[in-house]
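One file, model-v8.cif, carrying mmCIF, C-alpha atoms:
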```cif
data_input
loop_
_atom_site.label_atom_id
_atom_site.label_comp_id
_atom_site.auth_asym_id
_atom_site.auth_seq_id
_atom_site.Cartn_x
_atom_site.Cartn_y
_atom_site.Cartn_z
CA MET A 1 62.69 174.54 193.74
CA GLY A 2 61.38 173.64 190.27
CA LYS A 3 58.33 174.82 188.41
CA GLU A 4 54.86 174.11 189.74
CA SER A 5 52.98 171.41 187.85
CA ARG A 6 50.32 172.55 185.44
CA ALA A 7 46.67 172.16 186.39
CA ARG A 8 44.96 169.18 184.77
CA VAL A 9 42.94 170.18 181.72
CA LEU A 10 40.95 166.95 181.31
CA GLY A 11 38.49 165.30 183.66
CA GLY A 12 39.49 162.57 186.08
CA HIS A 13 38.21 159.83 183.77
CA GLN A 14 40.03 161.01 180.62
CA ALA A 15 43.51 160.69 179.14
CA MET A 16 45.18 162.32 176.15
CA ALA A 17 48.00 161.85 173.66
CA VAL A 18 49.29 164.23 170.99
CA ALA A 19 51.25 163.28 167.88
CA ARG A 20 52.99 166.29 166.31
CA ASN A 21 54.80 166.97 163.03
CA ILE A 22 53.04 164.23 161.10
CA ARG A 23 54.05 164.44 157.44
CA VAL A 24 50.59 164.49 155.89
CA SER A 25 48.09 167.23 155.20
CA PRO A 26 45.45 167.86 157.88
CA ARG A 27 42.72 167.14 155.37
CA LYS A 28 43.99 163.61 154.73
CA LEU A 29 44.66 162.97 158.41
CA ASN A 30 41.10 163.99 159.28
CA LEU A 31 39.76 161.18 157.06
CA VAL A 32 41.54 158.66 159.29
CA ALA A 33 40.52 160.46 162.49
CA GLN A 34 36.85 160.26 161.46
CA GLN A 35 37.06 156.47 161.42
CA ILE A 36 37.85 156.25 165.14
CA ARG A 37 35.80 159.06 166.71
CA GLY A 38 33.27 157.77 169.23
CA GLN A 39 34.35 154.12 168.99
CA LYS A 40 35.58 151.80 171.70
CA VAL A 41 39.36 151.62 171.68
CA ASP A 42 39.56 147.97 170.63
CA ARG A 43 37.35 148.63 167.59
CA ALA A 44 39.34 151.78 166.78
CA LEU A 45 42.63 149.85 166.92
CA ASN A 46 41.20 147.22 164.57
CA ALA A 47 40.00 149.89 162.15
CA LEU A 48 43.44 151.51 162.10
CA THR A 49 45.25 148.18 161.76
CA PHE A 50 43.32 147.24 158.62
CA SER A 51 43.03 150.72 157.13
CA GLN A 52 44.41 151.26 153.62
CA LYS A 53 45.66 154.77 154.48
CA ARG A 54 49.42 155.24 154.88
CA ILE A 55 49.08 157.49 157.90
CA ALA A 56 46.88 155.06 159.87
CA GLY A 57 49.97 153.55 161.50
CA VAL A 58 50.96 156.89 163.04
CA VAL A 59 47.41 157.45 164.31
CA LYS A 60 47.38 153.94 165.76
CA LYS A 61 50.62 154.68 167.61
CA ALA A 62 49.10 157.88 169.06
CA LEU A 63 45.96 155.97 170.12
CA GLN A 64 48.08 153.32 171.83
CA SER A 65 49.93 156.11 173.64
CA ALA A 66 46.62 157.57 174.87
CA ILE A 67 45.54 154.12 176.09
CA ALA A 68 48.86 153.65 177.91
CA ASN A 69 48.50 157.10 179.51
CA ALA A 70 45.00 156.20 180.70
CA GLU A 71 46.14 152.92 182.18
CA ASN A 72 49.45 153.94 183.76
CA ASN A 73 48.98 157.60 184.69
CA HIS A 74 45.28 157.75 185.56
CA ASP A 75 44.42 154.15 186.58
CA LEU A 76 41.55 153.82 184.09
CA ASP A 77 40.16 150.47 182.92
CA VAL A 78 41.30 149.79 179.34
CA ASP A 79 38.23 147.69 178.51
CA ASP A 80 35.88 150.63 179.16
CA LEU A 81 37.79 153.26 177.15
CA VAL A 82 36.11 155.13 174.29
CA VAL A 83 37.70 157.58 171.84
CA LYS A 84 35.98 160.78 172.92
CA GLU A 85 37.86 163.16 170.66
CA ALA A 86 40.28 162.88 167.74
CA SER A 87 41.04 166.41 166.62
CA VAL A 88 43.37 167.33 163.78
CA GLY A 89 45.30 170.57 163.54
CA LYS A 90 47.72 172.31 161.23
CA ASN A 91 51.43 172.34 161.90
CA LEU A 92 54.36 173.75 159.94
CA VAL A 93 54.51 174.01 156.14
CA MET A 94 57.68 173.30 154.16
CA LYS A 95 57.87 175.61 151.17
CA ARG A 96 59.60 174.42 148.03
CA PHE A 97 59.58 175.61 144.44
CA HIS A 98 59.47 174.04 141.05
CA ALA A 99 61.25 175.82 138.21
CA ARG A 100 58.88 177.00 135.48
CA ALA A 101 59.21 178.70 132.13
CA ARG A 102 60.87 182.13 131.69
CA GLY A 103 62.51 182.11 135.10
CA ASN A 104 59.28 181.80 137.05
CA ALA A 105 58.77 179.44 139.96
CA GLY A 106 55.82 177.29 140.92
CA ASN A 107 55.16 177.07 144.65
CA ILE A 108 55.04 173.65 146.32
CA GLU A 109 53.75 173.47 149.89
CA LYS A 110 54.36 170.35 151.94
CA PHE A 111 51.97 170.31 154.88
CA PHE A 112 52.52 168.86 158.32
CA SER A 113 49.77 168.25 160.86
CA GLN A 114 49.13 167.04 164.38
CA ILE A 115 46.46 164.88 166.01
CA THR A 116 45.15 165.02 169.57
CA ILE A 117 43.39 161.89 170.82
CA VAL A 118 41.35 161.96 174.04
CA VAL A 119 40.07 158.69 175.48
CA GLU A 120 37.39 158.54 178.14
CA GLU A 121 36.30 155.78 180.50
CA LYS A 122 32.62 154.93 180.00
CA ARG A 123 31.15 152.00 181.83
CA GLU A 124 28.32 150.21 180.07
CA GLU A 125 25.85 149.07 182.66
CA ALA A 126 23.73 146.07 181.74
CA PRO A 127 19.99 146.63 182.28
CA ALA A 128 18.46 144.77 185.21
CA LYS A 129 16.90 141.38 184.39
CA SER A 130 13.54 142.34 185.89
CA GLU A 131 13.23 145.33 183.51
CA THR A 132 13.96 143.31 180.38
CA LYS A 133 11.48 140.56 181.27
CA ALA A 134 8.75 143.10 182.06
CA ALA A 135 9.33 145.07 178.86
CA ALA A 136 9.18 142.05 176.52
CA PRO A 137 5.58 140.95 177.30
CA ALA A 138 4.34 144.55 177.12
CA ALA A 139 5.71 144.85 173.59
CA LYS A 140 3.97 141.64 172.56
CA LYS A 141 0.63 142.80 173.94
CA LYS A 142 0.69 145.93 171.78
CA SER A 143 1.30 144.11 168.53
CA SER A 144 -0.96 141.08 169.10
CA GLY A 145 -4.73 140.89 169.39
CA LYS A 146 -7.77 141.69 167.26
CA ALA A 147 -7.45 145.42 167.87
CA ALA A 148 -4.48 145.65 165.51
CA GLN A 149 -6.30 143.66 162.81
CA SER A 150 -9.61 145.60 162.98
CA LYS A 151 -8.09 148.98 162.13
CA LYS A 152 -9.43 150.31 158.86
CA PRO A 153 -7.64 152.76 156.60
CA ALA A 154 -8.73 156.37 156.94
CA ALA A 155 -11.44 157.49 154.53
CA LYS A 156 -10.38 159.91 151.81
CA LYS A 157 -11.75 163.42 151.81
CA PRO A 158 -13.86 164.32 148.78
CA ALA A 159 -12.03 166.37 146.16
CA LYS A 160 -13.04 170.04 145.79
CA GLU A 161 -15.03 170.83 142.69
CA LYS A 162 -13.70 173.46 140.34
CA LYS A 163 -16.08 176.21 139.13
#
```
Show me this structure written as structure tokens.
Amino acid sequence: MGKESRARVLGGHQAMAVARNIRVSPRKLNLVAQQIRGQKVDRALNALTFSQKRIAGVVKKALQSAIANAENNHDLDVDDLVVKEASVGKNLVMKRFHARARGNAGNIEKFFSQITIVVEEKREEAPAKSETKAAAPAAKKKSSGKAAQSKKPAAKKPAKEKK
């Protein structure tokens, strides 16, 4: 009798978490979000844990929520998760004023923002052993030998004479 569930926006190998009404400007929050974009989740958590920024704790909490969503709701492997997207957006603005001379007021805007973190499961496949062994000798053959030593520098072209 209730509402129908919304269609899934993300792919089957992705999970998302949103932290709203964060009391920091979007510009400052984006500096922290840049640190974690494209990284594996364990490296991103370490970066946020040891970050000097005040807001890093809130971003870490949102990232942990995205990881929990991936594990519990979508059955993704936590060890293979990568931060695919960390987008920052504007939220509400508290408007205050500061009394100034002659009855004027100076505007003070206190910004809020939100962050959306999307994690994606990416499996890193190790290259086959036969490929790595075959590639190593080929690289050695190119660099070794008398052919590399006998190359002479290119001759300079004669300068044009001025009339």
Inset, instruction - Skip Val59 of chain A itself and residues of its chain fewer than 3 positions away, then list as a VMD selection string all residues within 9 Å of it, counting all atoms listed in the file. - result: chain A and resid 19 29 32 to 33 48 55 to 56 62 to 64 115 117
Inset, instruction - Around the point (30.4, 147.3, 178.1) in the file's coordinates, collect all residues with an atom within 8 Å, using all atoms listed in the file, and return them as a ChimeraX atom specification. - result: /A:79-80,123-126
Inset, instruction - Can you work out the spacing between atom CA of Gln35 of chain A and atom CA of Ser51 of chain A in Å, to one decimal? - result: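 Computing the Euclidean distance for atom CA of Gln35 of chain A and atom CA of Ser51 of chain A yields 9.3 Å.
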Inset, instruction - Go ahead and compute the interatomic distance for atom CA of Lys40 of chain A and atom CA of Gln114 of chain A, in Å to one decimal. - result: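 Between atom CA of Lys40 of chain A and atom CA of Gln114 of chain A the gap works out to 21.7 Å.
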Inset, instruction - Give me the result of the PyMOL selection byres ((chain A and resi 2-17) around 6) on this file, residue by residue, as a list in words. - result: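 Matching residues under the PyMOL selection byres ((chain A and resi 2-17) around 6) are Met1, Val18, Ala66, Ala70, Thr116, Ile117, Val118, Val119, Glu120 and Glu121 of chain A.
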Legend entry - Given the PyMOL selection byres ((chain A and resi 94) around 7), the residues it picks as a list in words: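 Selected by the PyMOL selection byres ((chain A and resi 94) around 7) here: Leu92, Val93, Lys95, Arg96, Glu109, Lys110 and Phe111 of chain A.
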Using C-alpha atoms, can you export the residues from the last selection as an mmCIF file, in the coordinates of the input?
```
data_model
loop_
_atom_site.group_PDB
_atom_site.id
_atom_site.type_symbol
_atom_site.label_atom_id
_atom_site.label_comp_id
_atom_site.auth_asym_id
_atom_site.auth_seq_id
_atom_site.Cartn_x
_atom_site.Cartn_y
_atom_site.Cartn_z
ATOM 1 C CA LEU A 92 54.360 173.750 159.940
ATOM 2 C CA VAL A 93 54.510 174.010 156.140
ATOM 3 C CA LYS A 95 57.870 175.610 151.170
ATOM 4 C CA ARG A 96 59.600 174.420 148.030
ATOM 5 C CA GLU A 109 53.750 173.470 149.890
ATOM 6 C CA LYS A 110 54.360 170.350 151.940
ATOM 7 C CA PHE A 111 51.970 170.310 154.880
#
```
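Reported to one decimal place, the separation of atom CA of Arg43 of chain A from atom CA of Val88 of chain A is 20.0 Å.
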Legend entry - Nearest-residue call for Lys90 of chain A, choices A:Pro26, A:Gly38, A:Gly106, A:Gly57, using only C-alpha atoms: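 Comparing A:Pro26, A:Gly38, A:Gly106, A:Gly57 against Lys90 of chain A, the winner is A:Pro26.
The residue that comes closest to Ala44 of chain A, out of A:Ile67, A:Val58, A:Val83, A:Asn73 and on the basis of all atoms listed in the file, is A:Val83.
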Legend entry - Distance criterion (all atoms listed in the file): nearest to Val24 of chain A out of A:His74, A:Ala68, A:Lys61, A:Lys53: A:Lys53
Inset, instruction - Could you tell me which of A:Ala159, A:Leu81, A:Ile22, A:Leu76 comes closest to Gln39 of chain A if we count only C-alpha atoms? - result: A:Leu81
